[in-house]
$ cat work.cif   # mmCIF, C-alpha atoms
data_upload
loop_
_atom_site.label_atom_id
_atom_site.label_comp_id
_atom_site.auth_asym_id
_atom_site.auth_seq_id
_atom_site.Cartn_x
_atom_site.Cartn_y
_atom_site.Cartn_z
CA MET A 1125 61.42 138.84 37.48
CA SER A 1126 61.94 140.36 40.83
CA GLU A 1127 59.92 141.82 43.58
CA LYS A 1128 60.71 143.52 46.83
CA GLN A 1129 59.96 142.36 50.32
CA SER A 1130 60.30 144.40 53.46
CA LEU A 1131 62.77 143.48 56.24
CA SER A 1132 62.56 145.39 59.47
CA VAL A 1133 65.93 145.84 61.20
CA GLY A 1134 66.70 146.57 64.78
CA ASN A 1135 66.47 150.32 64.45
CA GLY A 1136 63.34 150.06 62.29
CA GLN A 1137 64.83 152.41 59.66
CA SER A 1138 66.36 150.34 56.84
CA THR A 1139 65.00 147.82 54.31
CA THR A 1140 66.60 145.56 51.73
CA ASP A 1141 65.56 143.81 48.51
CA LEU A 1142 65.31 140.09 47.99
CA SER A 1143 65.44 138.61 44.47
CA GLU A 1144 64.39 135.27 43.17
CA GLN A 1145 66.78 133.44 40.97
CA ARG A 1146 65.84 130.00 39.65
CA GLY A 1147 63.30 129.48 42.39
CA VAL A 1148 65.82 129.96 45.22
CA THR A 1149 65.49 132.92 47.55
CA VAL A 1150 68.90 134.46 48.24
CA PRO A 1151 69.26 137.41 50.59
CA ARG A 1152 71.60 140.13 49.61
CA ALA A 1153 74.87 140.69 51.41
CA GLY A 1154 73.42 143.54 53.39
CA ALA A 1155 70.54 141.42 54.61
CA ARG A 1156 72.89 138.57 55.58
CA ASN A 1157 75.02 140.96 57.59
CA ALA A 1158 71.94 142.38 59.23
CA LEU A 1159 70.76 138.95 60.27
CA GLN A 1160 74.21 138.09 61.59
CA ASP A 1161 74.13 141.28 63.66
CA GLY A 1162 71.06 140.08 65.53
CA LEU A 1163 68.32 141.81 63.56
CA CYS A 1164 64.84 140.29 63.58
CA LEU A 1165 62.52 139.42 60.68
CA THR A 1166 59.10 141.02 61.23
CA ASP A 1167 57.24 140.45 57.99
CA TRP A 1168 58.17 137.61 55.68
CA THR A 1169 56.14 136.41 52.70
CA PRO A 1170 57.56 133.66 50.51
CA LEU A 1171 58.36 134.70 46.98
CA GLU A 1172 56.02 133.55 44.27
CA SER A 1173 57.40 130.71 42.27
CA ASN A 1174 56.29 128.44 39.51
CA SER A 1175 54.26 125.80 41.34
CA ASP A 1176 54.87 123.35 38.55
CA ARG A 1177 58.58 123.52 39.00
CA VAL A 1178 60.18 120.98 41.35
CA VAL A 1179 63.13 122.18 43.40
CA GLN A 1180 65.79 119.49 43.66
CA PRO A 1181 67.85 119.14 46.86
CA PHE A 1182 71.60 119.50 46.87
CA PRO A 1183 73.15 116.22 45.76
CA ARG A 1184 75.32 114.35 48.30
CA SER A 1185 79.00 114.05 47.56
CA PRO A 1186 80.41 110.60 46.72
CA LYS A 1187 82.62 110.74 49.83
CA LEU A 1188 79.59 111.22 52.11
CA GLN A 1189 77.78 108.45 50.32
CA ARG A 1190 80.73 106.09 50.86
CA LYS A 1191 80.79 106.98 54.58
CA LYS A 1192 77.08 106.31 54.84
CA GLY A 1193 77.57 102.99 53.14
CA LYS A 1194 80.32 102.07 55.55
CA ALA A 1195 78.19 103.11 58.52
CA GLY A 1196 75.41 100.83 57.39
CA LYS A 1197 74.93 97.19 58.23
CA PRO A 1198 78.22 95.50 59.26
CA SER A 1199 79.50 92.54 57.34
CA GLN A 1200 79.70 88.99 58.65
CA GLU A 1201 83.43 89.30 59.01
CA GLN A 1202 83.08 92.44 61.12
CA LEU A 1203 80.45 90.82 63.31
CA SER A 1204 82.59 87.73 63.81
CA ARG A 1205 85.65 89.80 64.69
CA HIS A 1206 83.63 91.94 67.12
CA LEU A 1207 82.17 88.81 68.74
CA GLU A 1208 85.65 87.40 69.23
CA GLU A 1209 86.78 90.66 70.84
CA LEU A 1210 83.79 90.66 73.20
CA GLN A 1211 84.36 87.03 74.13
CA ALA A 1212 88.04 87.73 74.83
CA GLU A 1213 87.09 90.74 76.96
CA GLY A 1214 84.55 88.61 78.83
CA SER A 1215 87.18 85.94 79.49
CA LYS A 1216 89.68 88.53 80.77
CA THR A 1217 87.03 90.13 82.98
CA GLU A 1218 86.02 86.77 84.45
CA ALA A 1219 89.67 85.87 85.08
CA HIS A 1220 90.27 89.21 86.81
CA ILE A 1221 87.14 88.79 88.96
CA GLN A 1222 88.30 85.33 89.99
CA SER A 1223 91.73 86.76 90.78
CA LEU A 1224 90.18 89.43 93.01
CA LYS A 1225 88.04 86.81 94.76
CA LYS A 1226 91.12 84.68 95.35
CA ARG A 1227 92.96 87.69 96.75
CA ASN A 1228 90.02 88.34 99.05
CA THR A 1229 90.16 84.75 100.27
CA ASP A 1230 93.95 84.91 100.61
CA LEU A 1231 93.62 88.10 102.67
CA SER A 1232 91.41 86.29 105.16
CA LYS A 1233 93.75 83.30 105.30
CA ARG A 1234 96.81 85.53 105.70
CA THR A 1235 95.12 87.52 108.45
CA GLU A 1236 94.29 84.33 110.33
CA THR A 1237 97.90 83.20 109.98
CA MET A 1238 99.12 86.53 111.32
CA LYS A 1239 96.67 86.34 114.23
CA GLN A 1240 97.92 82.86 115.07
CA GLN A 1241 101.52 84.06 115.04
CA VAL A 1242 100.59 86.93 117.36
CA ARG A 1243 98.78 84.52 119.68
CA GLU A 1244 101.87 82.31 119.79
CA HIS A 1245 104.10 85.25 120.74
CA PHE A 1246 101.75 86.38 123.49
CA GLU A 1247 101.42 82.77 124.64
CA LYS A 1248 105.20 82.60 124.95
CA MET A 1249 105.17 85.82 126.97
CA ARG A 1250 102.39 84.47 129.17
CA ALA A 1251 104.36 81.23 129.60
CA VAL A 1252 107.42 83.22 130.70
CA LEU A 1253 105.29 85.24 133.12
CA LYS A 1254 103.62 82.08 134.41
CA GLN A 1255 106.98 80.41 134.92
CA ASP A 1256 108.35 83.42 136.74
CA GLU A 1257 105.19 83.68 138.81
CA GLN A 1258 105.57 80.05 139.84
CA ALA A 1259 109.23 80.62 140.75
CA VAL A 1260 108.30 83.64 142.89
CA LEU A 1261 105.53 81.72 144.64
CA GLU A 1262 107.89 78.83 145.29
CA SER A 1263 110.45 81.21 146.79
CA LEU A 1264 107.78 82.53 149.14
CA GLU A 1265 106.82 78.97 150.05
CA LEU A 1266 110.47 78.14 150.73
CA ASP A 1267 110.79 81.18 152.97
CA LEU A 1268 107.67 80.01 154.81
CA ARG A 1269 109.09 76.51 155.36
CA ARG A 1270 112.39 77.84 156.65
CA THR A 1271 110.66 80.25 159.00
CA ARG A 1272 108.30 77.55 160.22
CA SER A 1273 111.23 75.17 160.84
CA ARG A 1274 112.97 77.70 163.04
CA LEU A 1275 109.74 78.55 164.78
CA ASP A 1276 108.92 74.86 165.34
CA HIS A 1277 112.33 74.34 166.93
CA VAL A 1278 111.70 77.17 169.38
CA LEU A 1279 108.16 75.94 169.99
CA LYS A 1280 109.51 72.47 170.84
CA SER A 1281 111.89 73.96 173.38
CA TRP A 1282 109.07 75.86 175.05
CA LYS A 1283 106.87 72.77 175.12
CA GLN A 1284 109.62 70.88 176.92
CA HIS A 1285 109.83 73.68 179.44
CA GLN A 1286 106.05 73.58 179.75
CA ASP A 1287 106.20 69.86 180.55
CA GLN A 1288 108.77 70.50 183.23
CA VAL A 1289 106.63 73.21 184.76
CA THR A 1290 103.64 70.83 184.79
CA LYS A 1291 105.66 68.14 186.56
CA SER A 1292 106.85 70.63 189.12
CA ILE A 1293 103.29 71.74 189.75
CA ASP A 1294 102.18 68.15 190.27
CA SER A 1295 105.07 67.46 192.61
CA THR A 1296 104.34 70.56 194.62
CA GLN A 1297 100.66 69.70 194.92
CA ARG A 1298 101.49 66.19 196.20
CA ALA A 1299 103.81 67.66 198.74
CA LEU A 1300 101.04 69.89 200.02
CA SER A 1301 98.69 66.94 200.50
CA LYS A 1302 101.04 64.97 202.75
CA SER A 1303 100.95 65.11 206.56
CA SER A 1304 102.99 67.50 208.54
CA ALA A 1305 104.96 64.57 209.85
CA ALA A 1306 106.07 63.70 206.39
CA GLU A 1307 106.96 67.29 205.87
CA GLU A 1308 109.06 67.19 209.07
CA ASP A 1309 110.90 64.18 207.72
CA GLY A 1310 111.67 66.20 204.65
CA GLU A 1311 109.81 64.06 202.14
CA GLY A 1312 107.89 65.37 199.18
CA GLN A 1313 110.13 68.33 198.37
CA SER A 1314 109.65 69.46 194.75
CA GLU A 1315 112.44 70.01 192.29
CA ASN A 1316 113.73 73.50 191.79
CA LEU A 1317 112.82 74.76 188.29
CA SER A 1318 114.55 77.76 186.80
CA PRO A 1319 112.28 80.16 184.97
CA LYS A 1320 112.73 80.25 181.15
CA LYS A 1321 113.08 83.56 179.36
CA PRO A 1322 112.46 84.16 175.65
CA ASP A 1323 115.61 84.18 173.61
CA ALA A 1324 116.42 87.31 171.63
CA SER A 1325 116.72 85.26 168.43
CA GLU A 1326 113.04 84.39 168.63
CA VAL A 1327 112.14 87.93 167.61
CA GLU A 1328 114.06 87.48 164.36
CA ILE A 1329 112.04 84.42 163.39
CA ARG A 1330 109.67 85.84 160.79
CA LEU A 1331 109.11 85.94 157.07
CA ASN A 1332 111.57 87.96 155.03
CA GLU A 1333 109.41 91.06 154.77
CA GLU A 1334 112.24 93.21 153.46
CA ARG A 1335 112.87 90.83 150.57
CA PHE A 1336 109.15 90.63 149.86
CA SER A 1337 108.91 94.42 149.79
CA ARG A 1338 111.74 94.60 147.27
CA LEU A 1339 110.01 91.93 145.24
CA LEU A 1340 106.80 93.96 145.06
CA LYS A 1341 108.70 97.06 143.99
CA THR A 1342 110.55 95.10 141.33
CA LEU A 1343 107.35 93.57 139.99
CA SER A 1344 105.70 96.98 139.94
CA SER A 1345 108.62 98.42 138.00
CA ILE A 1346 108.61 95.52 135.56
CA SER A 1347 104.87 95.91 135.09
CA LYS A 1348 105.20 99.62 134.29
CA LYS A 1349 108.08 99.01 131.92
CA LEU A 1350 106.23 96.17 130.24
CA LYS A 1351 103.18 98.35 129.79
CA ALA A 1352 105.35 101.10 128.34
CA GLN A 1353 107.04 98.63 126.00
CA LEU A 1354 103.69 97.25 124.84
CA GLN A 1355 102.51 100.77 124.15
CA ARG A 1356 105.78 101.59 122.45
CA LYS A 1357 105.55 98.58 120.12
CA THR A 1358 102.71 100.32 118.26
CA LEU A 1359 104.86 103.40 117.84
CA LEU A 1360 107.79 101.33 116.64
CA LEU A 1361 105.62 99.99 113.83
CA ASP A 1362 105.52 103.57 112.49
CA SER A 1363 109.20 104.28 113.03
CA SER A 1364 111.44 105.37 110.20
CA PRO A 1365 115.12 106.32 110.02
CA VAL A 1366 115.83 110.00 110.58
CA VAL A 1367 118.92 111.67 109.15
CA ILE A 1368 119.88 115.28 109.87
CA ASP A 1369 120.22 117.62 106.91
CA ARG A 1370 123.64 119.21 107.29
CA GLN A 1371 122.61 122.15 105.13
CA THR A 1372 120.15 123.26 107.82
CA CYS A 1373 122.52 122.94 110.80
CA HIS A 1374 123.77 125.96 112.67
CA SER A 1375 127.50 126.45 112.24
CA GLN A 1376 128.17 125.26 115.82
CA ILE A 1377 126.38 121.93 115.28
CA THR A 1378 128.55 119.04 114.14
CA VAL A 1379 126.91 115.95 112.63
CA ASN A 1380 128.59 112.56 112.39
CA SER A 1381 129.01 110.64 109.14
CA GLU A 1382 125.76 108.72 109.59
CA GLY A 1383 123.80 111.92 110.14
CA ARG A 1384 122.27 110.80 113.46
CA ALA A 1385 124.61 112.13 116.16
CA MET A 1386 124.87 115.88 116.79
CA SER A 1387 127.33 117.77 118.96
CA LEU A 1388 127.18 121.41 119.92
CA GLY A 1389 130.62 123.01 119.83
CA SER A 1390 131.91 126.10 121.56
CA GLY A 1391 131.99 128.16 118.37
CA SER A 1392 135.76 128.12 117.93
CA GLY A 1393 137.34 127.76 114.51
CA ASP A 1394 136.49 129.17 111.11
CA PRO A 1395 132.77 128.97 110.30
CA ALA A 1396 131.69 127.20 107.10
CA PRO A 1397 130.11 129.23 104.30
CA GLU A 1398 126.49 130.00 105.07
CA HIS A 1399 123.81 128.07 103.20
CA PRO A 1400 120.37 129.55 102.38
CA LEU A 1401 118.65 126.74 104.36
CA GLN A 1402 120.95 127.10 107.36
CA PHE A 1403 119.89 128.46 110.75
CA ASP A 1404 122.35 131.32 111.22
CA LYS A 1405 121.56 132.48 114.79
CA VAL A 1406 119.54 129.75 116.54
CA CYS A 1407 121.19 126.35 117.13
CA CYS A 1408 118.62 124.32 115.21
CA ALA A 1409 118.70 121.54 112.64
CA LEU A 1410 116.06 119.77 110.55
CA GLY A 1411 115.79 116.24 109.20
CA SER A 1412 116.45 115.49 105.57
CA SER A 1413 113.21 113.60 104.84
CA PRO A 1414 109.70 114.94 105.51
CA VAL A 1415 106.68 113.20 106.96
CA THR A 1416 103.94 113.61 104.38
CA ALA A 1417 101.12 111.40 105.71
CA GLY A 1418 100.12 108.95 108.41
CA GLN A 1419 101.98 108.49 111.68
CA ASN A 1420 105.70 108.63 112.24
CA TYR A 1421 107.87 107.95 115.28
CA TRP A 1422 111.47 108.46 116.20
CA GLU A 1423 113.48 108.70 119.41
CA VAL A 1424 116.23 111.07 120.42
CA ASP A 1425 118.68 110.23 123.20
CA VAL A 1426 118.89 113.42 125.28
CA ARG A 1427 120.89 112.15 128.26
CA CYS A 1428 124.00 114.09 127.30
CA SER A 1429 122.27 117.44 126.82
CA PRO A 1430 121.17 119.64 129.74
CA ALA A 1431 118.79 121.80 127.67
CA TRP A 1432 117.15 120.85 124.40
CA ALA A 1433 114.02 120.95 122.21
CA VAL A 1434 112.82 118.08 120.01
CA GLY A 1435 109.88 118.30 117.64
CA VAL A 1436 108.74 118.89 114.07
CA ALA A 1437 108.60 121.89 111.75
CA TYR A 1438 107.42 122.98 108.34
CA THR A 1439 110.08 123.63 105.76
CA SER A 1440 108.71 127.19 105.60
CA MET A 1441 110.03 127.87 109.10
CA GLN A 1442 112.32 130.89 109.20
CA ARG A 1443 116.07 130.22 109.26
CA LYS A 1444 117.62 133.64 109.64
CA GLY A 1445 117.70 135.81 112.74
CA ARG A 1446 116.76 135.31 116.40
CA ASP A 1447 113.07 136.19 116.46
CA LYS A 1448 110.33 133.73 117.39
CA GLY A 1449 109.92 132.59 113.80
CA THR A 1450 113.26 130.76 114.00
CA LYS A 1451 112.69 129.03 117.37
CA LEU A 1452 110.96 125.67 117.75
CA GLY A 1453 107.50 125.91 119.26
CA ARG A 1454 107.44 129.70 119.28
CA ASN A 1455 105.56 130.05 115.96
CA ARG A 1456 102.81 128.47 113.89
CA ASN A 1457 105.28 126.47 111.81
CA SER A 1458 106.74 124.24 114.54
CA TRP A 1459 105.89 122.00 117.50
CA CYS A 1460 108.26 120.71 120.18
CA VAL A 1461 108.86 119.31 123.65
CA GLU A 1462 111.71 120.97 125.46
CA LEU A 1463 113.74 120.66 128.63
CA ARG A 1464 114.87 123.93 130.18
CA ASN A 1465 115.98 124.50 133.78
CA SER A 1466 115.04 120.88 134.62
CA SER A 1467 111.42 121.53 133.54
CA VAL A 1468 109.72 119.81 130.62
CA SER A 1469 107.05 121.56 128.56
CA ALA A 1470 105.27 121.22 125.21
CA TRP A 1471 105.26 124.27 122.89
CA HIS A 1472 103.41 125.48 119.79
CA ASN A 1473 102.73 128.99 118.49
CA ASP A 1474 104.46 130.49 121.56
CA ARG A 1475 102.09 128.71 123.94
CA HIS A 1476 103.14 125.92 126.25
CA VAL A 1477 101.81 123.27 128.61
CA ALA A 1478 103.90 122.11 131.55
CA CYS A 1479 104.60 118.37 131.53
CA GLN A 1480 104.95 116.52 134.81
CA VAL A 1481 107.38 113.66 134.24
CA VAL A 1482 106.66 110.83 136.67
CA GLY A 1483 109.00 108.02 137.68
CA GLN A 1484 112.16 109.30 136.01
CA ARG A 1485 114.81 111.44 137.56
CA GLN A 1486 116.44 112.05 134.19
CA LEU A 1487 114.85 111.87 130.79
CA ARG A 1488 116.54 109.48 128.40
CA LYS A 1489 114.61 108.74 125.22
CA ARG A 1490 110.92 108.44 126.04
CA PHE A 1491 108.38 110.30 128.06
CA SER A 1492 106.18 108.72 130.69
CA ALA A 1493 102.48 108.07 130.20
CA ALA A 1494 101.72 111.17 132.27
CA MET A 1495 102.64 113.30 129.25
CA THR A 1496 100.21 111.55 126.92
CA PRO A 1497 97.20 113.78 127.78
CA VAL A 1498 99.21 116.83 126.73
CA PHE A 1499 99.37 115.60 123.15
CA ASP A 1500 95.86 114.14 123.22
CA ARG A 1501 94.57 117.70 123.67
CA ALA A 1502 96.69 119.06 120.83
CA HIS A 1503 95.01 118.21 117.53
CA HIS A 1504 96.38 120.00 114.48
CA HIS A 1505 95.54 119.95 110.80
CA PHE A 1506 98.95 119.97 109.16
CA THR A 1507 99.03 121.75 105.83
CA GLU A 1508 102.66 121.06 104.85
CA PRO A 1509 105.11 118.16 105.09
CA LEU A 1510 106.71 117.95 108.55
CA PHE A 1511 110.44 117.66 109.14
CA PRO A 1512 112.03 116.30 112.34
CA ALA A 1513 113.63 119.19 114.22
CA VAL A 1514 116.02 119.61 117.14
CA ARG A 1515 117.43 122.58 118.96
CA PHE A 1516 120.23 123.00 121.47
CA LEU A 1517 119.10 125.45 124.13
CA ARG A 1518 121.39 127.67 126.16
CA PRO A 1519 123.02 125.41 128.79
CA PRO A 1520 123.55 126.38 132.44
CA GLN A 1521 126.65 128.36 133.32
CA ASN A 1522 128.42 125.32 134.76
CA GLN A 1523 127.75 123.11 131.72
CA MET A 1524 130.88 121.55 130.25
CA TRP A 1525 131.23 121.49 126.47
CA PRO A 1526 130.30 119.75 124.30
CA ASN A 1527 126.79 118.28 124.66
CA HIS A 1528 125.15 115.72 122.43
CA LEU A 1529 121.82 114.65 120.94
CA ASP A 1530 121.63 111.23 119.28
CA ILE A 1531 118.87 109.90 117.05
CA CYS A 1532 118.26 106.29 118.02
CA PRO A 1533 118.49 103.60 115.28
CA LEU A 1534 115.07 102.05 115.86
CA HIS A 1535 115.18 100.00 112.68
CA ASN A 1536 117.77 97.76 114.37
CA LEU A 1537 115.31 96.70 117.10
#
$ encode --input "work.cif" --output "structure tokens"
Amino acid sequence: MSEKQSLSVGNGQSTTDLSEQRGVTVPRAGARNALQDGLCLTDWTPLESNSDRVVQPFPRSPKLQRKKGKAGKPSQEQLSRHLEELQAEGSKTEAHIQSLKKRNTDLSKRTETMKQQVREHFEKMRAVLKQDEQAVLESLELDLRRTRSRLDHVLKSWKQHQDQVTKSIDSTQRALSKSSAAEEDGEGQSENLSPKKPDASEVEIRLNEERFSRLLKTLSSISKKLKAQLQRKTLLLDSSPVVIDRQTCHSQITVNSEGRAMSLGSGSGDPAPEHPLQFDKVCCALGSSPVTAGQNYWEVDVRCSPAWAVGVAYTSMQRKGRDKGTKLGRNRNSWCVELRNSSVSAWHNDRHVACQVVGQRQLRKRFSAAMTPVFDRAHHHFTEPLFPAVRFLRPPQNQMWPNHLDICPLHNL
């Protein structure tokens, strides 16, 4: 027995037949394909079936039934094992929490110990300063006593002369009060007193002002150096050893065995084979290890070089040619401080700021505090690891070869 039902497809032009077999409605292959192609059913009437006939569902497979049985109520053994696992996990979690709490307490204790050690060091420095202050004050007191002793000796001499003058005055006044007869007899004549003149040595009796002036200058210098050293100590905490990468060095740059001392030669001799990372025209060199995060500090001894540039650069900095891309501070990939024609300046991206160096006739390793504002105004978001970089600039005509740049071993301090 079969009957037709109408299916409307997307184009509204085709229909298909449905047949009933054993009470189950099965669409033909064409209808299934039409439904899979996104066609819509517009008029659907269930096929007539024997109402007395019960349609049985598909039976479950034994495998699915076994899985359902396993997923049912767990056994006592499973519950006991799971409880033991949870208890073990709870014990481990509690132990770890207690460990973290202990570490937190230990951090506080360790910090207090470190603070106490710092206080002791500063107390020692204050004790040294206090002791030196007392010695300086005692030296000033000694100078005062010596000066007073000399001045008291002179004062005593003048008081003696004053007493003699007073006696002469009294004698002269008595002589004036006597009669003329006594004067004719020659009585009452006063003693002749020679006038006293200040000695030239009296002018030299004074405190040692010259020595005191030198003392003030020395204390001022010590104070400035101490302040610089205290500021530098923070930088030294971020110091790390710097070694020059020989593969980046210009052919005229010679590096010692430790990789920290560089000499610029005159260019004589056979050049070494060129390396892809080598600067071929500009006398530059880069460090072997990059700075990837945080702060980093190193010092370069520049006393033996009349013209130089010290800074940092990206590894993407150009190495070949003489254009600005290969020169420190003249491009976006490098930053530097340089000395040229006895003038110090800070450079980046071909822009510079003049640096006024105060209190030093010749730069050695560090810059004075007057240069700090230059770098305070220069805030950069670095996008690549930074490599230490140096460059030998063209020396004056009268410069004798060779010249040197030395990276200071700060880790030995």
$ residues_around --input "work.cif" --residues "Leu1452 in chain A" --least-positions-apart "3" --cutoff "8 Å" --atoms "all atoms listed in the file" --output "ChimeraX atom specification"
/A:1433,1435,1437,1455,1458-1460,1471-1472,1513-1515
$ residues_around --input "work.cif" --residues "Leu1388 in chain A" --least-positions-apart "3" --cutoff "12 Å" --atoms "all atoms listed in the file" --output "ChimeraX atom specification"
/A:1373-1380,1385,1391-1392,1406-1409,1428-1432,1514-1519,1523-1530
$ resolve_selection --input "work.cif" --expression "the PyMOL selection byres ((chain A and resi 1532) around 8)" --output "ChimeraX atom specification"
/A:1384,1422-1425,1530-1531,1533-1534
$ write_last_selection --input "work.cif" --atoms "C-alpha atoms" --output "PDB file, keeping the file's coordinate frame"
ATOM      1  CA  ARG A1384     122.270 110.800 113.460  1.00  0.00           C
ATOM      2  CA  TRP A1422     111.470 108.460 116.200  1.00  0.00           C
ATOM      3  CA  GLU A1423     113.480 108.700 119.410  1.00  0.00           C
ATOM      4  CA  VAL A1424     116.230 111.070 120.420  1.00  0.00           C
ATOM      5  CA  ASP A1425     118.680 110.230 123.200  1.00  0.00           C
ATOM      6  CA  ASP A1530     121.630 111.230 119.280  1.00  0.00           C
ATOM      7  CA  ILE A1531     118.870 109.900 117.050  1.00  0.00           C
ATOM      8  CA  PRO A1533     118.490 103.600 115.280  1.00  0.00           C
ATOM      9  CA  LEU A1534     115.070 102.050 115.860  1.00  0.00           C
TER      10      LEU A1534
END
$ closest_residue --input "work.cif" --among "A:Ser1466, A:Thr1439, A:Thr1235, A:Ser1345" --to "Glu1508 in chain A" --atoms "only C-alpha atoms"
A:Thr1439
$ residues_around --input "work.cif" --residues "Ser1325 in chain A" --least-positions-apart "4" --cutoff "12 Å" --atoms "only C-alpha atoms" --output "JSON, numbers by chain"
{"A": [1274, 1275, 1277, 1278, 1321, 1329, 1330]}
$ resolve_selection --input "work.cif" --expression "the PyMOL selection byres ((chain A and resi 1350-1365) around 6)" --output "ChimeraX atom specification"
/A:1346-1349,1366,1420-1422
$ closest_residue --input "work.cif" --among "A:Gln1200, A:Thr1342, A:Phe1511, A:Val1477" --to "Val1260 in chain A" --atoms "all atoms listed in the file"
A:Thr1342
$ atom_distance --input "work.cif" --atom1 "CA of Val1252 in chain A" --atom2 "CA of Leu1487 in chain A"
29.6 Å
$ resolve_selection --input "work.cif" --expression "the PyMOL selection byres ((chain A and resi 1468) around 8)" --output "list of chain:residue names"
A:Val1461, A:Glu1462, A:Leu1463, A:Arg1464, A:Ser1466, A:Ser1467, A:Ser1469, A:Ala1470, A:Ala1478, A:Cys1479, A:Gln1480, A:Val1481
$ atom_distance --input "work.cif" --atom1 "CA of Thr1416 in chain A" --atom2 "CA of Arg1234 in chain A"
29.0 Å
$ atom_distance --input "work.cif" --atom1 "CA of Ala1417 in chain A" --atom2 "CA of Pro1512 in chain A"
13.7 Å
